[in-house]
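Q: Would you mind keeping the following structure in view while I ask a few things?
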Amino acid sequence: MPDSYKQKARIAFHKGVECILKTQIRRDGKLTAWCAQYDPVTLEPAKARAYELISLSGQESDNIVLFLMSLENPSQEIINAIEGAVAWFEKTKIEGIKKEYFANEEGKRDYRMVHCDDCPPSWARFYEIDTDTPFFCDRDGIKRYDLSEIGYERRNGYS
């Protein structure tokens, strides 16, 4: 590969990392996690599909943290981003419940969350951006706080 392409790729990579660092949500002076979506121009948190409301995202954030942790010789800014996100994950972990599969009334495979004593922690896909409260959303765009209130299709066909 020509050196000019390598240089362009290096510049683009560093701009991408810079964008990641700019979009990490800071609340009360502390770095937290990343949103599920952002406006491509303003980089402000944004809504996407009807069931993808503005939110902090456990799923998107874990992949970002793993990526940042893979960088050699990270800057202090990257280290701070990782540490802020890890603290957020520690704060928002959900303990004492696990996913249980069952056959619903129609005989279809479904799942629900059930109590457990010795299960590993889990994290929600979506959290309220200001309160870290986990929530769910169906195609109607209404925020809900109980998985059982979400229709079968969204519950089983989406993370």
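Chain identifiers are assigned as A, B, and so on, following the order in which chains appear in the structure tokens; residues are numbered from 1 within each chain, and ligands are numbered from 1 in order of appearance.
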Taking the DSSP secondary structure from the backbone, can you list the residues of chain A that are helix (DSSP H, G or I), as a PyMOL selection string?
A: chain A and resi 3-23+58-69+76-92+147-149+152-157
Q: Please provide the set of residues having any atom within 12 Å of stretch 142-152 of chain A, restricted to only C-alpha atoms, with same-chain residues fewer than 3 positions apart removed, written as a count of residues only.
A: 36
Q: Can you work out which one of A:Lys91, A:Gln7, A:Lys98, A:Leu21 has the shortest atom-to-atom distance to A:Gln76, counting only C-alpha atoms?
A: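 When distances to A:Gln76 are compared using only C-alpha atoms, the smallest one comes from A:Leu21.
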Q: Write out as a PyMOL selection string which residues come within 9 Å of stretch 78-83 of chain A when counting only C-alpha atoms, dropping same-chain ones fewer than 2 positions away.
A: chain A and resi 17+21+24+31-33+64-66+68-69+71+74-76+85-88
Q: Where does DSSP see strand (DSSP E) in stretch 1-157 of chain A, if you list the residues as JSON, numbers by chain?
A: {"A": [26, 27, 30, 31, 56, 57, 97, 98, 99, 100, 101, 102, 103, 109, 110, 111, 112, 113, 114, 115, 126, 127, 134, 135, 136, 137, 143, 144]}
Q: Just the selected residues (N, CA and C atoms), exported as a CSV table (one decimal), in the first residue's frame, please.
A:
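For reference, selection-v3.csv as written:
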chain,number,residue,atom,x,y,z
A,26,ARG,N,-21.0,13.3,29.4
A,26,ARG,CA,-20.5,13.8,30.7
A,26,ARG,C,-21.7,14.3,31.5
A,27,ARG,N,-21.8,13.8,32.7
A,27,ARG,CA,-22.9,14.2,33.6
A,27,ARG,C,-22.3,14.6,34.9
A,30,LYS,N,-18.7,14.1,35.3
A,30,LYS,CA,-18.1,12.8,35.2
A,30,LYS,C,-18.4,12.1,33.8
A,31,LEU,N,-17.4,11.5,33.3
A,31,LEU,CA,-17.7,10.8,32.0
A,31,LEU,C,-18.5,9.5,32.3
A,56,LEU,N,-28.5,6.4,26.7
A,56,LEU,CA,-27.2,5.8,26.8
A,56,LEU,C,-27.3,4.4,26.5
A,57,SER,N,-26.3,3.8,25.9
A,57,SER,CA,-26.4,2.4,25.4
A,57,SER,C,-25.4,1.5,26.0
A,97,ILE,N,-31.2,-10.8,38.4
A,97,ILE,CA,-32.2,-11.3,37.4
A,97,ILE,C,-31.4,-11.9,36.2
A,98,LYS,N,-32.1,-12.8,35.5
A,98,LYS,CA,-31.5,-13.4,34.3
A,98,LYS,C,-32.6,-13.6,33.3
A,99,LYS,N,-32.2,-13.9,32.1
A,99,LYS,CA,-33.1,-14.2,31.0
A,99,LYS,C,-33.5,-15.6,31.0
A,100,GLU,N,-34.8,-15.9,31.0
A,100,GLU,CA,-35.3,-17.3,31.0
A,100,GLU,C,-36.2,-17.5,29.7
A,101,TYR,N,-35.8,-18.5,28.9
A,101,TYR,CA,-36.6,-18.8,27.8
A,101,TYR,C,-37.8,-19.7,28.2
A,102,PHE,N,-38.9,-19.5,27.5
A,102,PHE,CA,-40.1,-20.3,27.7
A,102,PHE,C,-40.9,-20.4,26.4
A,103,ALA,N,-41.9,-21.3,26.3
A,103,ALA,CA,-42.8,-21.3,25.2
A,103,ALA,C,-44.1,-20.5,25.6
A,109,ARG,N,-41.1,-19.6,21.0
A,109,ARG,CA,-40.0,-19.3,22.0
A,109,ARG,C,-40.0,-17.9,22.3
A,110,ASP,N,-40.0,-17.6,23.6
A,110,ASP,CA,-40.1,-16.3,24.1
A,110,ASP,C,-39.1,-16.2,25.3
A,111,TYR,N,-39.0,-15.0,25.9
A,111,TYR,CA,-38.2,-14.9,27.1
A,111,TYR,C,-38.7,-13.9,28.0
A,112,ARG,N,-38.3,-14.0,29.3
A,112,ARG,CA,-38.7,-13.1,30.3
A,112,ARG,C,-37.5,-13.0,31.3
A,113,MET,N,-37.6,-12.0,32.1
A,113,MET,CA,-36.5,-11.9,33.1
A,113,MET,C,-37.1,-12.4,34.4
A,114,VAL,N,-36.2,-13.2,35.1
A,114,VAL,CA,-36.6,-13.9,36.3
A,114,VAL,C,-35.6,-13.6,37.4
A,115,HIS,N,-36.0,-13.7,38.7
A,115,HIS,CA,-35.1,-13.6,39.8
A,115,HIS,C,-34.0,-14.7,39.8
A,126,PHE,N,-30.7,0.1,26.6
A,126,PHE,CA,-31.0,1.5,26.7
A,126,PHE,C,-31.2,2.0,28.1
A,127,TYR,N,-30.6,3.2,28.4
A,127,TYR,CA,-30.7,3.8,29.7
A,127,TYR,C,-31.1,5.3,29.5
A,134,PRO,N,-32.9,2.0,33.3
A,134,PRO,CA,-33.1,1.2,32.1
A,134,PRO,C,-34.5,1.3,31.6
A,135,PHE,N,-34.6,1.3,30.3
A,135,PHE,CA,-36.0,1.3,29.7
A,135,PHE,C,-36.0,0.5,28.4
A,136,PHE,N,-37.3,0.2,28.0
A,136,PHE,CA,-37.5,-0.5,26.8
A,136,PHE,C,-38.4,0.3,25.9
A,137,CYS,N,-38.5,0.0,24.6
A,137,CYS,CA,-39.4,0.7,23.7
A,137,CYS,C,-39.8,-0.2,22.6
A,143,LYS,N,-41.8,4.9,25.9
A,143,LYS,CA,-40.8,4.4,26.8
A,143,LYS,C,-41.5,3.5,27.9
A,144,ARG,N,-41.0,2.3,28.1
A,144,ARG,CA,-41.5,1.5,29.1
A,144,ARG,C,-40.4,0.9,30.0
Q: Please compute the atom CA of A:Ile129-atom CA of A:Ala46 distance, one decimal, in Å.
A: 11.1 Å
Q: Work out how far apart atom CA of A:Glu44 and atom CA of A:Ala12 are and give it in Å to one decimal.
A: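 So the answer is 20.8 Å.
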Q: If you measure from atom CA of A:Gly58 to atom CA of A:Lys93, what distance in Å do you get, rounded to one decimal?
A: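 A separation of 9.5 Å between them.
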